[in-house]
Each structure stands twice: as structure tokens, then as C-alpha cells.
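As C-alpha cells, the structure follows; a few thoughts come after it.
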Amino acid sequence: MAVNGGSELGTYRLSMSDMNNRGLVPNSELNKKIFSLGVVANLHKRLTVEGYAQYNKEKAKGRSNVADATGNPNWGTYMLASSVDVRSLAPGYDLSTGNETQWNPSGFATNPYFAVNKFINNDDRDRFIGNLNVKFNILDNLFVRGRVTHDYTTINWLGVVPSGTAYEPRGYYQEHTNGITETNAELTLNYQGRFGRDFSVDVLAGGNRQRYRSQNKILLGNFFSEPGFYDPSNVKSLTTTNVLRRSAVNSLFASADFGYRDIFFLTVTGRNDWFSTLDPQNNNIFYPSFGGSFVLSEAANLPKAISFAKLRASWAQVGGGAPEPYALNQTYHLVPGGGHFEQPLQTPSQVAGAGGGTLTAPNRKLRPYTNTTLEAGFEARFLNNRLSADVAVYDRRTKNDIVNITISQSSGYNFTNINIGEMSNKGVELLLSGIPIQKPHFSWEVTLNAAYNKNEVVRLADGINSIEIDRAVNGYATISAVVGKPFSMVNATKIIRDAQGRPFMAPMAGSRQQ
């Protein structure tokens, strides 16, 4: 439902929506309500104010666990033999004891009916998105614009592994409360004008201040004292963790667009960012861009069949900082439980602040990464716009990309962030479209979109030709970056077999050779 209206002084639009969705997986549902309000106010002949606010309220019940087998109702259904009716596993638990009915020798292979009937995986999400835009015309073609945007999200998640679960008979309780905020404040000075009848110019210069904040409160309770009563007061041990992350980016930027007779266009930009997630001695980067286009159909008399034709080319560079705050120095958090003899104890902060036991080693030498792209393209429309084609070729080079890699656990850590030397992406993109049928009251448009990309790791750190990025749970496969190969290659081992298909045994060790 939407309501809108206005007058010379301004306009407004108010809308509301309500969605109720029942999932394909039993006992799963989602309700989402959206309220939005947009206002434009002409307070003065030189002053305009625009505002927009949106509030989303989302409530989900019974979301499916994904990835591994534990608590995942989809895992058992696809692993079950096709000759077995999955409904024979219902309701998934013993009616007298409430314990899970196992269908697999491994307790980690959760009965799908037990997962949908007993597991609790619910969340409530509230999100506010708002922006305020103020424009003041100093002159007819010179104005200053100020803009503030705010995005705030709260997520309350409840997860319960119930009593009687095969892989954890006593169950456990999890509760996360996460608040995420990002605020941007931007101020620009803009000029739009023409020089004579042939030249146009559009120039802006300004700055932006970005602030990000995330606070996560985690409750983890082990072993329910009274089976079936899922509350933090009913667990035998309860730990709490508070994780606070804050980061900032300060920016100065400028751009200029030049045009000549609607035939030739040139765009030049420049931006400098300062990142709080990098060392103050090496935390900023300047990156420019240049782009031009030439409209052939305006510069020359082309055949009548060609409705429009344009050539374009650009060179652009962007940069970025480390994704995680506090990755430069070793950080610690207090050990819950009062410490040792009432003296506080600290432990190195773990990934995500939870008890995963995976630690990331600090690296103060991180520096900004850069992404440089060279692109050229051609765009044309034919037969009074009934046919069109858009072709582009590009060469993108990423240098000093920040990647989280595994390291030897003998160091006391599991991962660290490093700058990877250089990675290349080259490719072609093609967009073809046509309108085979076009009538006053009916038209049919057909579109073909194709792309080809070749990715290659050109260089890693000095003296290193391969880096392990991650490893499968069972260790049988790894994801690696290898010089001369595509990024994130999956490497795995397999058993060598003889001509009869029997595993080949190593002659000395007596074990299977891989």
C-alpha cells in the first residue's frame, strides 16, 4: 500500500508492505514488513531538502542449517539411498524419550525430521536505512550539497541443539545479539556549465567521512540440566563474549566531466582514502581514473541502418584497506569466570570473538591494495533500435590484495593476513539484444549476455609460489593460490590404484600411497 501527494512546497510518498512466506522445508517461515517514507521540500528558491527513511522488520523461524551435516535437514535427504522413502524417518525422534532416531552410523548425520521438528534456529532482524540530502544553489550553475546516510541493523539470533541429539545428547544453547551501524557524511561543491555552444563541463570536489561499528554479544551454554527446557538458566555452564569492532575511512575526491558538441566526452577523477585498519605510517592511497567516449553517429553521417554508434575507453584505479579492524596488533579479551585466584586472566582474541579456537596473527606491514582496470568497448544500435550490441574487453590487475591465509600452528596461530603480489583478470563481455516483434500493444525483446574471464595469480610474496588459503574439515582438499594458476584452486589427493582397481600400497611404509 502506498500514499503520495504534494504541492509547490514539496512532495511525499509513504508505503507499507507485509510479506508472509512459508518455506519448502517444514516448520520454516518468514515474515517481513517494510515501511518507507520519502520527502522532498523546496524551502527556498535556492534551498532543497530531500529525505528518505525505511524501516524493515523481519522475523524468521526454522531457517535450515547449511554447509555441514550437523543439524542440516537437507544433508540427510540427499545422502539417503534412492530406494529408501525419506518419510520412513519421521518424526525423527523416539516418542517416549525424545531422543533422535539415527539413520546413519555417524551421529553427525542428523535425521532430517529431527532437525526440522526439534532444532531451533530463529532470528529477528530490524533495519533502519535513512538519508538526508541538502542542496543550496550559490549561483544558477554552482551549488553545494551535503548528504548524510545511516544504515543500522540489529540481529537477535537463537540457536538450540536439543536434548537427545545424537552428536550432542545433552544439547547446547546459543544466543547472538548483533548491532551493525554504518554512517557516511559527505560534502561536495558542484559546478555545471557551458562554454560557448560547443563545450560543457561538470566539476565536483568534496570529502566523505565513513564510520562503521559492530557490537556482538554472544551467549553459549553447554548441557541442559532439565531435558527439553531450552533457556540459559537451564545450562550447566554459561559463557558470555562481547565483541566490539569499529573502523573508519576518510576520503577526499574530485571529478571533472567535459563534453564537446555531444560528440566527445572525457571524465577525469581522483580520490584519496585514509583507512583506520592500516598502520598510520602506510594507511592512505591515491587513485585516479580517466575515461573517454566518442559518438560516431553524431560525428559522421552513417548508413541509415545504424541508429547509434559509440566508442569508449577508460583507465581506472581503486584502492582498499584491510577488511578487519584491530588486525595490526595482538589484542586480548578477559577470560570469563573470575580469572585465577580472583586475578583477571586474558587470552588472545579469537576469530569472531567466539570459542572457535582459531587465531589470526597480527601483521603491521599490511598496506592498501590497488585494482587497476583498462577497458575498451563499442556500442551500437541498428534498424531504428530494433537490434543492439555492446562489446567490451578489459584487463584488470590487482596488486597487494589482502588475503587471509593459513600458517603453521606451531606459531600459536592458525591464520594471518598478507599482501599478495599480483593477480590478473582478462576478459570479454558481450551483450546482444533484439526486438523481433514490435506492435502498438505488444513487443518481444530477446537478450543474449555472454562473458569470458581468464584469471591468473601472477605473483605472490617474495620466494613463495603457492599459499594455502583454507582447508576442508577432513583435510582431503585445500584451497590454494598458485603462481600461474587461477586464484582459489581446489587441490585434493586421491588413492592410486592398479589396473584391477585395487589401492596401490607403498612398498616400505605399508600404507596407501597418495
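Letters A, B, ... go to the chains of the C-alpha cells in the order shown; residues in each chain start at 1; ligands are counted from 1 in the same order.
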Stretch 278-291 of chain A environment, 8 Å, only C-alpha atoms, sequence neighbours closer than 2 positions dropped, as a short mmCIF file (atom, residue, chain, number, x, y, z; two decimals) with C-alpha atoms, in the first residue's frame:
data_model
loop_
_atom_site.label_atom_id
_atom_site.label_comp_id
_atom_site.auth_asym_id
_atom_site.auth_seq_id
_atom_site.Cartn_x
_atom_site.Cartn_y
_atom_site.Cartn_z
CA LEU A 266 36.12 13.00 -21.20
CA THR A 267 35.94 12.13 -17.48
CA VAL A 268 38.81 12.56 -15.01
CA THR A 269 38.59 11.59 -11.33
CA GLY A 270 40.90 11.42 -8.35
CA ARG A 271 40.36 10.11 -4.81
CA ASN A 272 42.47 9.68 -1.69
CA ASP A 273 41.39 7.37 1.15
CA TRP A 274 42.75 7.03 4.69
CA PHE A 275 41.97 3.67 6.37
CA SER A 276 41.85 3.13 10.13
CA SER A 293 33.88 8.21 -25.35
CA ARG A 312 34.66 4.18 -25.38
CA ALA A 313 37.85 3.53 -23.42
CA SER A 314 38.87 4.01 -19.79
CA TRP A 315 41.69 3.51 -17.32
CA ALA A 316 40.69 3.39 -13.68
CA GLN A 317 42.28 2.57 -10.35
CA VAL A 318 40.68 1.91 -6.97
CA GLY A 319 42.16 1.02 -3.61
CA GLY A 321 42.30 -1.31 3.19
CA ALA A 322 42.22 -4.34 5.47
CA LEU A 328 47.67 -4.94 13.17
CA ARG A 364 51.56 -4.45 10.97
CA LYS A 365 53.13 -4.40 7.50
CA LEU A 366 49.82 -4.55 5.65
CA ARG A 367 49.40 -1.83 3.06
CA PRO A 368 46.50 -0.79 0.81
#
Non-local contacts of A:Leu89 (8 Å; only C-alpha atoms; under 4 positions in same chain excluded) as a VMD selection string
chain A and resid 101 103 111 to 113
DSSP helix (DSSP H, G or I) residues within stretch 228-398 of chain A, as a VMD selection string:
chain A and resid 232 to 234 280 to 282 296 to 299 351 to 353
List the neighbours of A:Val403 out to 7 Å using only C-alpha atoms; skip same-chain residues closer than 4 positions along the sequence, and give me the result as a PDB file with all heavy atoms, in the first residue's frame.
ATOM      1  N   ASN A 417      46.939 -12.315   7.871  1.00  0.00           N
ATOM      2  CA  ASN A 417      46.622 -11.545   6.669  1.00  0.00           C
ATOM      3  C   ASN A 417      47.920 -11.062   6.029  1.00  0.00           C
ATOM      4  O   ASN A 417      48.803 -10.548   6.727  1.00  0.00           O
ATOM      5  CB  ASN A 417      45.753 -10.332   7.017  1.00  0.00           C
ATOM      6  CG  ASN A 417      44.371 -10.737   7.479  1.00  0.00           C
ATOM      7  OD1 ASN A 417      43.693 -11.524   6.825  1.00  0.00           O
ATOM      8  ND2 ASN A 417      43.930 -10.209   8.612  1.00  0.00           N
ATOM      9  N   ILE A 418      48.038 -11.229   4.714  1.00  0.00           N
ATOM     10  CA  ILE A 418      49.228 -10.765   3.997  1.00  0.00           C
ATOM     11  C   ILE A 418      48.795 -10.066   2.716  1.00  0.00           C
ATOM     12  O   ILE A 418      47.660 -10.215   2.260  1.00  0.00           O
ATOM     13  CB  ILE A 418      50.196 -11.916   3.660  1.00  0.00           C
ATOM     14  CG1 ILE A 418      49.594 -12.848   2.604  1.00  0.00           C
ATOM     15  CG2 ILE A 418      50.625 -12.680   4.888  1.00  0.00           C
ATOM     16  CD1 ILE A 418      50.598 -13.806   2.002  1.00  0.00           C
ATOM     17  N   ASN A 419      49.711  -9.300   2.161  1.00  0.00           N
ATOM     18  CA  ASN A 419      49.511  -8.703   0.840  1.00  0.00           C
ATOM     19  C   ASN A 419      50.052  -9.658  -0.220  1.00  0.00           C
ATOM     20  O   ASN A 419      51.230 -10.009  -0.206  1.00  0.00           O
ATOM     21  CB  ASN A 419      50.242  -7.369   0.720  1.00  0.00           C
ATOM     22  CG  ASN A 419      49.595  -6.274   1.525  1.00  0.00           C
ATOM     23  OD1 ASN A 419      50.089  -5.899   2.587  1.00  0.00           O
ATOM     24  ND2 ASN A 419      48.493  -5.742   1.043  1.00  0.00           N
ATOM     25  N   ILE A 420      49.162 -10.111  -1.113  1.00  0.00           N
ATOM     26  CA  ILE A 420      49.576 -10.982  -2.219  1.00  0.00           C
ATOM     27  C   ILE A 420      50.016 -10.099  -3.381  1.00  0.00           C
ATOM     28  O   ILE A 420      49.388  -9.086  -3.696  1.00  0.00           O
ATOM     29  CB  ILE A 420      48.437 -11.918  -2.634  1.00  0.00           C
ATOM     30  CG1 ILE A 420      48.324 -13.058  -1.632  1.00  0.00           C
ATOM     31  CG2 ILE A 420      48.641 -12.459  -4.025  1.00  0.00           C
ATOM     32  CD1 ILE A 420      47.318 -14.104  -1.995  1.00  0.00           C
TER      33      ILE A 420
END
Which residue gives the smallest distance to A:Ile402 among A:Thr277, A:Thr331, A:Ser64, A:Asn425, with only C-alpha atoms counted?
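Closest residue, counting only C-alpha atoms: A:Thr277.
The space separating atom CA of A:Lys59 from atom CA of A:Asn99 comes to 28.6 Å.
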